[in-house]
$ cat work_26.cif   # mmCIF, C-alpha atoms
data_input
loop_
_atom_site.label_atom_id
_atom_site.label_comp_id
_atom_site.auth_asym_id
_atom_site.auth_seq_id
_atom_site.Cartn_x
_atom_site.Cartn_y
_atom_site.Cartn_z
CA ALA A 29 84.78 108.63 60.44
CA MET A 30 83.38 105.61 62.27
CA PHE A 31 86.73 105.09 63.99
CA LYS A 32 86.87 108.75 65.02
CA THR A 33 83.25 108.79 66.26
CA TYR A 34 83.70 105.51 68.11
CA PHE A 35 86.89 106.31 69.99
CA GLU A 36 86.27 110.01 70.60
CA GLN A 37 82.60 110.03 71.57
CA LEU A 38 81.33 106.52 72.24
CA ILE A 39 84.44 105.00 73.85
CA PRO A 40 86.45 108.16 74.68
CA ILE A 41 90.06 107.05 74.53
CA THR A 42 91.38 109.46 71.88
CA PRO A 43 91.59 112.88 73.58
CA THR A 44 94.03 114.12 70.90
CA ASP A 45 94.85 113.30 67.30
CA SER A 46 96.80 110.23 68.41
CA ILE A 47 95.13 107.23 70.00
CA ASP A 48 96.09 106.25 73.54
CA THR A 49 97.40 102.74 72.81
CA ASP A 50 97.50 101.74 76.48
CA LYS A 51 93.83 102.65 76.94
CA LEU A 52 92.95 100.89 73.70
CA ALA A 53 94.74 97.72 74.83
CA ASP A 54 92.97 97.87 78.21
CA PHE A 55 89.63 98.32 76.47
CA VAL A 56 89.90 95.41 74.01
CA THR A 57 91.26 92.99 76.62
CA HIS A 58 88.98 93.98 79.52
CA THR A 59 87.15 90.95 80.92
CA HIS A 60 83.77 92.70 80.94
CA VAL A 61 84.17 93.86 77.33
CA ARG A 62 85.20 90.38 76.19
CA LYS A 63 82.18 88.80 77.91
CA VAL A 64 79.77 91.25 76.32
CA LEU A 65 81.34 90.72 72.88
CA GLU A 66 80.88 86.97 73.30
CA GLN A 67 77.25 87.52 74.26
CA ILE A 68 76.75 89.74 71.20
CA GLN A 69 78.27 87.12 68.90
CA GLU A 70 76.09 84.43 70.45
CA THR A 71 72.91 86.51 70.15
CA TYR A 72 73.73 87.91 66.73
CA PRO A 73 75.53 85.42 64.47
CA ASN A 74 74.11 87.77 61.81
CA VAL A 75 71.66 90.66 61.50
CA ASN A 76 70.27 89.65 58.11
CA ARG A 77 66.64 89.78 59.23
CA GLU A 78 67.06 93.24 60.73
CA THR A 79 68.98 94.73 57.80
CA GLU A 80 66.39 93.33 55.39
CA GLU A 81 63.58 95.09 57.26
CA ILE A 82 65.63 98.30 57.45
CA GLY A 83 66.29 98.05 53.70
CA LEU A 84 62.57 97.74 53.00
CA ALA A 85 61.82 100.69 55.30
CA LEU A 86 64.45 102.78 53.47
CA ALA A 87 62.80 101.88 50.16
CA TYR A 88 59.45 103.09 51.52
CA LEU A 89 61.15 106.25 52.79
CA LYS A 90 62.67 106.87 49.35
CA HIS A 91 59.19 106.47 47.84
CA TYR A 92 57.66 109.08 50.14
CA LEU A 93 60.73 111.34 50.37
CA PRO A 94 62.82 110.90 47.20
CA ALA A 95 65.57 113.22 48.48
CA SER A 96 66.25 111.08 51.57
CA GLU A 97 69.67 109.46 51.90
CA VAL A 98 70.40 105.76 52.32
CA PRO A 99 72.84 105.57 55.23
CA LYS A 100 75.55 102.98 55.72
CA LEU A 101 74.93 100.79 58.78
CA TYR A 102 77.54 99.74 61.33
CA THR A 103 76.96 97.22 64.11
CA LEU A 104 79.20 97.59 67.14
CA TYR A 105 79.74 97.33 70.87
CA GLY A 106 78.70 100.67 72.36
CA ASP A 107 79.54 100.21 76.04
CA PHE A 108 75.82 100.39 76.96
CA SER A 109 75.41 104.02 75.96
CA TYR A 110 73.28 104.54 72.83
CA GLN A 111 71.07 102.04 71.03
CA ALA A 112 71.55 103.78 67.71
CA PHE A 113 73.17 107.02 66.60
CA ILE A 114 73.67 108.92 63.36
CA PHE A 115 76.99 110.38 62.29
CA GLU A 116 78.70 111.78 59.21
CA GLU A 117 81.12 109.80 57.07
CA VAL A 118 84.34 111.39 55.76
CA ASN A 119 82.64 111.93 52.38
CA GLY A 120 79.73 113.74 54.07
CA ASP A 121 77.22 110.88 53.78
CA ASP A 122 75.10 109.86 56.75
CA ALA A 123 75.81 106.61 58.58
CA ILE A 124 74.12 104.92 61.54
CA GLY A 125 75.78 102.99 64.34
CA ILE A 126 73.81 100.19 66.03
CA SER A 127 75.03 99.18 69.49
CA LEU A 128 74.15 95.50 69.69
CA ASP A 129 74.94 95.44 73.43
CA MET A 130 71.73 97.44 73.87
CA PHE A 131 69.65 94.75 72.13
CA LEU A 132 70.63 91.60 74.04
CA GLY A 133 67.10 90.64 75.00
CA PRO A 134 64.90 90.49 78.12
CA ASP A 135 67.09 87.93 79.91
CA TYR A 136 70.22 90.06 79.87
CA PRO A 137 70.86 91.54 83.38
CA TYR A 138 70.86 95.21 82.37
CA LYS A 139 69.84 96.41 85.82
CA ALA A 140 72.89 94.74 87.38
CA LEU A 141 75.15 96.96 85.25
CA ASP A 142 74.02 100.04 87.18
CA PRO A 143 70.90 99.78 89.38
CA GLN A 144 70.73 103.59 89.61
CA ASN A 145 70.63 104.16 85.86
CA PRO A 146 66.99 104.71 84.81
CA LEU A 147 67.80 103.45 81.29
CA PHE A 148 68.24 99.99 82.81
CA SER A 149 64.81 100.02 84.47
CA ASP A 150 62.70 97.00 83.54
CA TYR A 151 60.00 99.05 81.80
CA ILE A 152 62.65 100.45 79.42
CA SER A 153 65.06 97.52 79.06
CA ARG A 154 62.19 95.19 78.06
CA ARG A 155 62.57 96.92 74.67
CA TYR A 156 66.26 96.07 74.34
CA THR A 157 65.43 93.25 71.94
CA ARG A 158 66.21 92.56 68.30
CA GLN A 159 62.66 93.37 67.17
CA TYR A 160 63.34 97.03 68.01
CA ILE A 161 66.56 97.38 65.98
CA PRO A 162 64.81 98.47 62.75
CA ILE A 163 62.49 100.80 64.68
CA LYS A 164 65.38 102.46 66.54
CA VAL A 165 67.43 102.86 63.35
CA MET A 166 64.58 104.42 61.39
CA GLY A 167 63.54 106.43 64.45
CA ILE A 168 66.98 108.09 64.46
CA MET A 169 66.63 108.77 60.73
CA SER A 170 63.14 110.21 61.25
CA GLU A 171 64.42 112.61 63.90
CA ASP A 172 67.18 113.72 61.54
CA ILE A 173 64.58 114.37 58.83
CA LEU A 174 62.24 116.23 61.19
CA GLY A 175 64.98 118.43 62.61
CA PRO A 176 65.05 119.82 66.15
CA LEU A 177 62.09 119.96 68.52
CA PRO A 178 60.27 123.24 67.71
CA GLY A 179 59.63 124.22 71.33
CA LYS A 180 59.39 123.08 74.94
CA ARG A 181 55.62 123.00 75.41
CA LEU A 182 53.81 119.70 75.88
CA ILE A 183 52.08 120.27 72.53
CA ASP A 184 55.49 120.66 70.84
CA TYR A 185 56.66 117.30 72.17
CA ALA A 186 53.33 115.69 71.27
CA ILE A 187 53.20 116.95 67.68
CA TYR A 188 56.89 116.21 67.06
CA GLU A 189 56.53 112.63 68.27
CA GLY A 190 53.22 112.35 66.40
CA LYS A 191 54.96 113.34 63.16
CA LYS A 192 57.73 110.84 63.85
CA GLN A 193 55.19 108.11 64.59
CA TYR A 194 53.21 108.94 61.45
CA LEU A 195 56.38 108.70 59.35
CA LEU A 196 57.30 105.36 60.96
CA SER A 197 53.81 104.02 60.32
CA LYS A 198 54.27 104.73 56.60
CA ILE A 199 57.65 103.00 56.31
CA PHE A 200 56.72 100.07 58.60
CA PRO A 201 53.21 99.22 57.32
CA LYS A 202 53.31 95.75 58.90
CA ARG A 203 54.30 96.90 62.38
CA SER A 204 51.63 97.60 64.99
CA PRO A 205 51.15 101.12 66.43
CA ALA A 206 52.07 99.70 69.85
CA GLU A 207 55.44 98.47 68.56
CA LEU A 208 56.23 101.75 66.82
CA LEU A 209 55.33 103.75 69.94
CA GLU A 210 57.32 101.21 71.97
CA PHE A 211 54.34 100.44 74.20
CA THR A 212 53.19 96.98 75.21
CA GLU A 213 49.91 95.97 73.55
CA GLU A 214 48.24 96.42 76.96
CA GLU A 215 49.62 99.95 77.35
CA TYR A 216 48.53 100.89 73.84
CA ASP A 217 45.04 99.45 74.40
CA TRP A 218 44.80 101.43 77.64
CA CYS A 219 45.68 104.63 75.77
CA VAL A 220 43.08 103.92 73.09
CA LYS A 221 40.37 103.29 75.69
CA SER A 222 41.47 106.21 77.89
CA GLN A 223 42.05 108.78 75.15
CA LEU A 224 39.33 111.11 76.42
CA GLY A 225 40.58 110.80 80.01
CA ILE A 226 44.15 111.62 78.99
CA TRP A 227 42.95 114.65 77.04
CA ASP A 228 40.71 115.81 79.91
CA LEU A 229 43.62 115.60 82.37
CA TYR A 230 45.82 117.68 80.07
CA LEU A 231 43.06 120.28 79.78
CA ASP A 232 42.16 120.28 83.49
CA GLN A 233 45.80 120.68 84.51
CA GLU A 234 46.39 123.27 81.74
CA LEU A 235 49.27 121.20 80.39
CA ILE A 236 48.84 121.66 76.62
CA TYR A 237 51.00 124.80 76.53
CA GLU A 238 52.97 124.04 79.70
CA THR A 239 56.75 124.44 79.44
CA ASN A 240 57.68 123.47 83.01
CA GLN A 241 59.56 120.22 82.42
CA GLN A 242 58.82 118.89 85.91
CA LYS A 243 55.09 119.20 85.28
CA ILE A 244 55.09 117.52 81.87
CA ASN A 245 58.02 115.10 82.23
CA SER A 246 56.06 111.86 82.74
CA TYR A 247 53.83 112.64 79.74
CA VAL A 248 56.61 113.43 77.25
CA ASN A 249 59.58 111.36 78.48
CA GLU A 250 60.25 107.84 79.72
CA ALA A 251 58.39 107.11 82.94
CA PRO A 252 56.94 103.97 84.56
CA ARG A 253 53.52 105.60 84.35
CA ALA A 254 51.85 108.96 83.73
CA LYS A 255 51.48 111.28 86.73
CA GLY A 256 47.90 111.54 87.92
CA MET A 257 46.76 108.60 85.80
CA PRO A 258 45.96 104.99 86.79
CA GLU A 259 48.64 102.37 87.42
CA ALA A 260 47.95 100.84 83.99
CA SER A 261 48.95 104.03 82.18
CA PRO A 262 52.37 104.18 80.51
CA GLY A 263 54.68 107.20 80.46
CA ARG A 264 54.84 109.20 77.21
CA THR A 265 51.06 109.44 76.81
CA ALA A 266 51.67 112.71 74.92
CA HIS A 267 53.35 110.67 72.18
CA PHE A 268 50.17 108.65 71.74
CA LEU A 269 47.96 111.76 71.64
CA GLY A 270 50.37 113.51 69.29
CA TYR A 271 50.02 110.63 66.84
CA GLN A 272 46.22 110.88 67.00
CA ILE A 273 46.41 114.63 66.36
CA VAL A 274 48.77 114.22 63.39
CA LYS A 275 46.62 111.45 61.89
CA SER A 276 43.57 113.71 62.23
CA TYR A 277 45.52 116.59 60.66
CA MET A 278 46.49 114.45 57.66
CA GLU A 279 42.89 113.30 57.22
CA GLN A 280 41.63 116.89 57.42
CA THR A 281 44.21 118.42 55.08
CA GLY A 282 45.08 115.60 52.67
CA MET A 283 48.73 116.66 52.82
CA SER A 284 51.64 114.55 51.65
CA LEU A 285 54.30 113.30 54.05
CA SER A 286 56.83 115.84 52.77
CA GLU A 287 54.29 118.64 53.26
CA LEU A 288 53.66 117.47 56.84
CA ILE A 289 57.38 117.49 57.60
CA ALA A 290 57.68 121.02 56.23
CA VAL A 291 55.13 122.37 58.75
CA LYS A 292 57.23 123.30 61.79
CA GLU A 293 54.65 125.14 63.88
CA SER A 294 52.94 122.74 66.31
CA GLU A 295 50.04 125.12 66.83
CA GLU A 296 49.16 125.07 63.12
CA ILE A 297 48.95 121.27 63.06
CA PHE A 298 47.01 121.19 66.33
CA ARG A 299 44.50 123.80 65.16
CA LYS A 300 43.90 122.35 61.69
CA SER A 301 43.61 118.78 62.99
CA ASN A 302 40.25 119.54 64.63
CA TYR A 303 41.28 116.84 67.08
CA LYS A 304 38.63 115.89 69.59
CA PRO A 305 38.72 112.49 71.32
CA LYS A 306 35.47 110.58 71.25
CA ARG A 307 33.70 109.16 74.26
CA ASN A 308 33.76 105.34 74.32
#
$ encode --input "work_26.cif" --output "C-alpha cells"
Amino acid sequence: AMFKTYFEQLIPITPTDSIDTDKLADFVTHTHVRKVLEQIQETYPNVNRETEEIGLALAYLKHYLPASEVPKLYTLYGDFSYQAFIFEEVNGDDAIGISLDMFLGPDYPYKALDPQNPLFSDYISRRYTRQYIPIKVMGIMSEDILGPLPGKRLIDYAIYEGKKQYLLSKIFPKRSPAELLEFTEEEYDWCVKSQLGIWDLYLDQELIYETNQQKINSYVNEAPRAKGMPEASPGRTAHFLGYQIVKSYMEQTGMSLSELIAVKESEEIFRKSNYKPKRN
C-alpha cells in the first residue's frame, strides 16, 4: 500500500497498474533528488527521538481513546509536497508517511525551490524542523479522529482546531501551547495578551458566523498576520480562540475527551462554553 500511495499520489509515475520504469529510473537518479536524499541522511541518521515521543503520545491517546489505532510509521522523501499524511495499508490498518524533506531545518533554502509557493514562505518554513515531526504526525491522527470540518463558518474552523489543540495538549503534556499551535512564543504571548481585542474584532466585523472565505482566510488559515490586527499578530488567530473556547467548554461541562469528540455541532460547544475573554 505504501508503494502504491507513494508512486500514484505522492510521486505520480504509475498512471496504470504497471510502473513506468523509465520515469522511475529518472526519478531515482535525478541530481536534485539525490542531493535531497543526501541531505536527509545527513540530517536524520535516525529518528529515534521522534519515534519515541510519537510512541508516548500514542500511549496517551490509547489511554484517553482506547479504540484508537496505532499506525505504522514510514519515513520517506516526499518531493516537498506533504509533511505527513495518513493512508490505509493493504490489511486495512492506518499508516502515516513522514516526508523528511519537509523537516530539514531553518537553514535549508526552501524558498529557493519555488519563490512563488506560499508553503515555502519564511513564516511557515521556520516550522520545517525535527521538533515538529511528532506534532505533525499526531495532528494528522487527530484530524482523522475528529472527522471532517463540520461547516465553513469561522466558528466551525475555530472549534474544530480548538478540539484538535485540546486533544494534542492531552497527548503532549510536556509541549507548550505555542508549539502545539505552531506559533512562536512571541506570537502566542501576543494572542494571550490580545485575546479581548481579537474577540472584539470578530464581533465588530460580524465574523463569528461568516462563511465568506476571503473575509475569514487570514484568521483560519496560514497568513503572515491577521487582517486588521497589529503587525505582531500571527495568522490563524481563530485557532487560538477556538482552543480557549474548547478549554472553557470542558471546564464548564466536565466532559471526557471522547465525549468532546462526539459533539459535532460547533454552536453547541460555543454556547455551553460560556466563553468570554477577560480584560487584562
$ atom_distance --input "work_26.cif" --atom1 "CA of Lys202 (chain A)" --atom2 "CA of Tyr271 (chain A)"
17.2 Å
$ closest_residue --input "work_26.cif" --among "A:Glu117, A:Glu296, A:Asp184, A:Asp107" --to "Thr239 (chain A)" --atoms "all atoms listed in the file"
A:Asp184
$ resolve_selection --input "work_26.cif" --expression "the PyMOL selection byres ((chain A and resi 180) around 9)" --output "ChimeraX atom specification"
/A:177-179,181-185,237-241
$ atom_distance --input "work_26.cif" --atom1 "CA of Tyr247 (chain A)" --atom2 "CA of Gly282 (chain A)"
28.6 Å
$ residues_around --input "work_26.cif" --residues "Arg264 (chain A)" --least-positions-apart "4" --cutoff "9 Å" --atoms "only C-alpha atoms" --output "number ranges by chain"
A: 186, 245-251, 253-254, 268
$ closest_residue --input "work_26.cif" --among "A:Glu171, A:Glu78, A:Glu97, A:Glu207" --to "Arg158 (chain A)" --atoms "all atoms listed in the file"
A:Glu78
$ residues_around --input "work_26.cif" --residues "Ser261 (chain A)" --least-positions-apart "4" --cutoff "8 Å" --atoms "only C-alpha atoms" --output "ChimeraX atom specification"
/A:215,218-219,253-254,257,265
$ closest_residue --input "work_26.cif" --among "A:Lys255, A:Leu196, A:Lys292, A:Leu141" --to "Gln233 (chain A)" --atoms "all atoms listed in the file"
A:Lys255
$ residues_around --input "work_26.cif" --residues "Gly125 (chain A)" --least-positions-apart "3" --cutoff "8 Å" --atoms "only C-alpha atoms" --output "PyMOL selection string"
chain A and resi 101-104+112-115
$ decode --input "work_26.cif" --residues "region 68-104 of chain A" --atoms "N, CA, C and O atoms" --output "tab-separated table (two decimals), in the first residue's frame"
chain	number	residue	atom	x	y	z
A	68	ILE	N	18.86	14.55	3.66
A	68	ILE	CA	18.00	13.85	4.62
A	68	ILE	C	18.84	12.89	5.46
A	68	ILE	O	18.72	12.86	6.70
A	69	GLN	N	19.70	12.13	4.81
A	69	GLN	CA	20.53	11.15	5.53
A	69	GLN	C	21.49	11.85	6.50
A	69	GLN	O	21.76	11.33	7.60
A	70	GLU	N	21.96	13.01	6.11
A	70	GLU	CA	22.87	13.78	6.97
A	70	GLU	C	22.11	14.34	8.18
A	70	GLU	O	22.61	14.30	9.31
A	71	THR	N	20.91	14.86	7.92
A	71	THR	CA	20.11	15.46	9.00
A	71	THR	C	19.50	14.40	9.91
A	71	THR	O	19.37	14.60	11.11
A	72	TYR	N	19.14	13.27	9.31
A	72	TYR	CA	18.44	12.22	10.06
A	72	TYR	C	19.17	10.88	9.95
A	72	TYR	O	18.72	9.98	9.24
A	73	PRO	N	20.30	10.72	10.65
A	73	PRO	CA	20.91	9.39	10.71
A	73	PRO	C	19.95	8.39	11.35
A	73	PRO	O	19.99	7.20	11.09
A	74	ASN	N	19.05	8.92	12.20
A	74	ASN	CA	17.95	8.12	12.76
A	74	ASN	C	16.84	9.08	13.23
A	74	ASN	O	17.07	10.29	13.32
A	75	VAL	N	15.68	8.52	13.50
A	75	VAL	CA	14.57	9.32	14.03
A	75	VAL	C	14.11	8.72	15.36
A	75	VAL	O	12.93	8.74	15.69
A	76	ASN	N	15.06	8.21	16.12
A	76	ASN	CA	14.74	7.54	17.38
A	76	ASN	C	14.04	8.46	18.37
A	76	ASN	O	13.06	8.07	19.02
A	77	ARG	N	14.55	9.69	18.46
A	77	ARG	CA	13.97	10.65	19.42
A	77	ARG	C	12.52	10.96	19.05
A	77	ARG	O	11.64	11.02	19.93
A	78	GLU	N	12.29	11.14	17.76
A	78	GLU	CA	10.95	11.49	17.29
A	78	GLU	C	9.98	10.33	17.47
A	78	GLU	O	8.84	10.52	17.93
A	79	THR	N	10.42	9.12	17.08
A	79	THR	CA	9.51	7.97	17.20
A	79	THR	C	9.22	7.63	18.66
A	79	THR	O	8.13	7.15	18.99
A	80	GLU	N	10.17	7.92	19.54
A	80	GLU	CA	9.94	7.70	20.97
A	80	GLU	C	8.85	8.64	21.48
A	80	GLU	O	7.95	8.21	22.23
A	81	GLU	N	8.92	9.91	21.07
A	81	GLU	CA	7.89	10.86	21.50
A	81	GLU	C	6.53	10.51	20.90
A	81	GLU	O	5.50	10.63	21.56
A	82	ILE	N	6.53	10.09	19.64
A	82	ILE	CA	5.27	9.68	19.00
A	82	ILE	C	4.70	8.46	19.72
A	82	ILE	O	3.49	8.38	19.96
A	83	GLY	N	5.56	7.52	20.08
A	83	GLY	CA	5.11	6.33	20.81
A	83	GLY	C	4.47	6.67	22.13
A	83	GLY	O	3.43	6.10	22.51
A	84	LEU	N	5.06	7.63	22.85
A	84	LEU	CA	4.49	8.07	24.12
A	84	LEU	C	3.14	8.77	23.90
A	84	LEU	O	2.18	8.54	24.65
A	85	ALA	N	3.07	9.59	22.85
A	85	ALA	CA	1.81	10.28	22.53
A	85	ALA	C	0.72	9.27	22.17
A	85	ALA	O	-0.44	9.43	22.57
A	86	LEU	N	1.09	8.22	21.45
A	86	LEU	CA	0.12	7.18	21.09
A	86	LEU	C	-0.37	6.43	22.33
A	86	LEU	O	-1.54	6.03	22.41
A	87	ALA	N	0.53	6.26	23.30
A	87	ALA	CA	0.14	5.60	24.56
A	87	ALA	C	-0.87	6.48	25.31
A	87	ALA	O	-1.87	5.96	25.86
A	88	TYR	N	-0.61	7.78	25.35
A	88	TYR	CA	-1.58	8.71	25.96
A	88	TYR	C	-2.91	8.65	25.22
A	88	TYR	O	-3.99	8.64	25.83
A	89	LEU	N	-2.85	8.63	23.89
A	89	LEU	CA	-4.06	8.59	23.07
A	89	LEU	C	-4.87	7.33	23.38
A	89	LEU	O	-6.09	7.37	23.50
A	90	LYS	N	-4.17	6.22	23.51
A	90	LYS	CA	-4.82	4.94	23.82
A	90	LYS	C	-5.49	4.99	25.19
A	90	LYS	O	-6.55	4.39	25.41
A	91	HIS	N	-4.86	5.73	26.12
A	91	HIS	CA	-5.43	5.90	27.46
A	91	HIS	C	-6.75	6.66	27.39
A	91	HIS	O	-7.74	6.26	28.01
A	92	TYR	N	-6.75	7.76	26.65
A	92	TYR	CA	-7.95	8.59	26.55
A	92	TYR	C	-8.99	8.01	25.60
A	92	TYR	O	-10.19	8.15	25.84
A	93	LEU	N	-8.53	7.39	24.51
A	93	LEU	CA	-9.41	6.83	23.49
A	93	LEU	C	-8.99	5.39	23.22
A	93	LEU	O	-8.23	5.12	22.28
A	94	PRO	N	-9.46	4.45	24.03
A	94	PRO	CA	-8.99	3.06	23.93
A	94	PRO	C	-9.19	2.42	22.55
A	94	PRO	O	-8.45	1.50	22.19
A	95	ALA	N	-10.16	2.91	21.79
A	95	ALA	CA	-10.43	2.32	20.47
A	95	ALA	C	-9.49	2.83	19.37
A	95	ALA	O	-9.52	2.33	18.24
A	96	SER	N	-8.64	3.80	19.70
A	96	SER	CA	-7.77	4.38	18.67
A	96	SER	C	-6.71	3.38	18.20
A	96	SER	O	-6.23	2.56	18.97
A	97	GLU	N	-6.38	3.48	16.91
A	97	GLU	CA	-5.40	2.57	16.32
A	97	GLU	C	-3.97	3.08	16.53
A	97	GLU	O	-3.76	4.27	16.74
A	98	VAL	N	-3.02	2.17	16.47
A	98	VAL	CA	-1.61	2.54	16.49
A	98	VAL	C	-1.08	2.35	15.08
A	98	VAL	O	-0.93	1.23	14.60
A	99	PRO	N	-0.85	3.44	14.36
A	99	PRO	CA	-0.46	3.32	12.95
A	99	PRO	C	1.02	2.95	12.79
A	99	PRO	O	1.84	3.20	13.66
A	100	LYS	N	1.32	2.33	11.66
A	100	LYS	CA	2.71	2.10	11.30
A	100	LYS	C	3.26	3.40	10.71
A	100	LYS	O	2.55	4.11	9.99
A	101	LEU	N	4.52	3.71	11.00
A	101	LEU	CA	5.13	4.94	10.52
A	101	LEU	C	6.14	4.64	9.41
A	101	LEU	O	6.91	3.69	9.51
A	102	TYR	N	6.12	5.46	8.37
A	102	TYR	CA	7.09	5.36	7.28
A	102	TYR	C	7.77	6.71	7.12
A	102	TYR	O	7.09	7.74	7.03
A	103	THR	N	9.09	6.73	7.08
A	103	THR	CA	9.80	7.96	6.73
A	103	THR	C	10.21	7.86	5.27
A	103	THR	O	10.54	6.78	4.77
A	104	LEU	N	10.17	9.00	4.56
A	104	LEU	CA	10.38	8.96	3.11
A	104	LEU	C	10.78	10.33	2.58
A	104	LEU	O	10.76	11.33	3.30
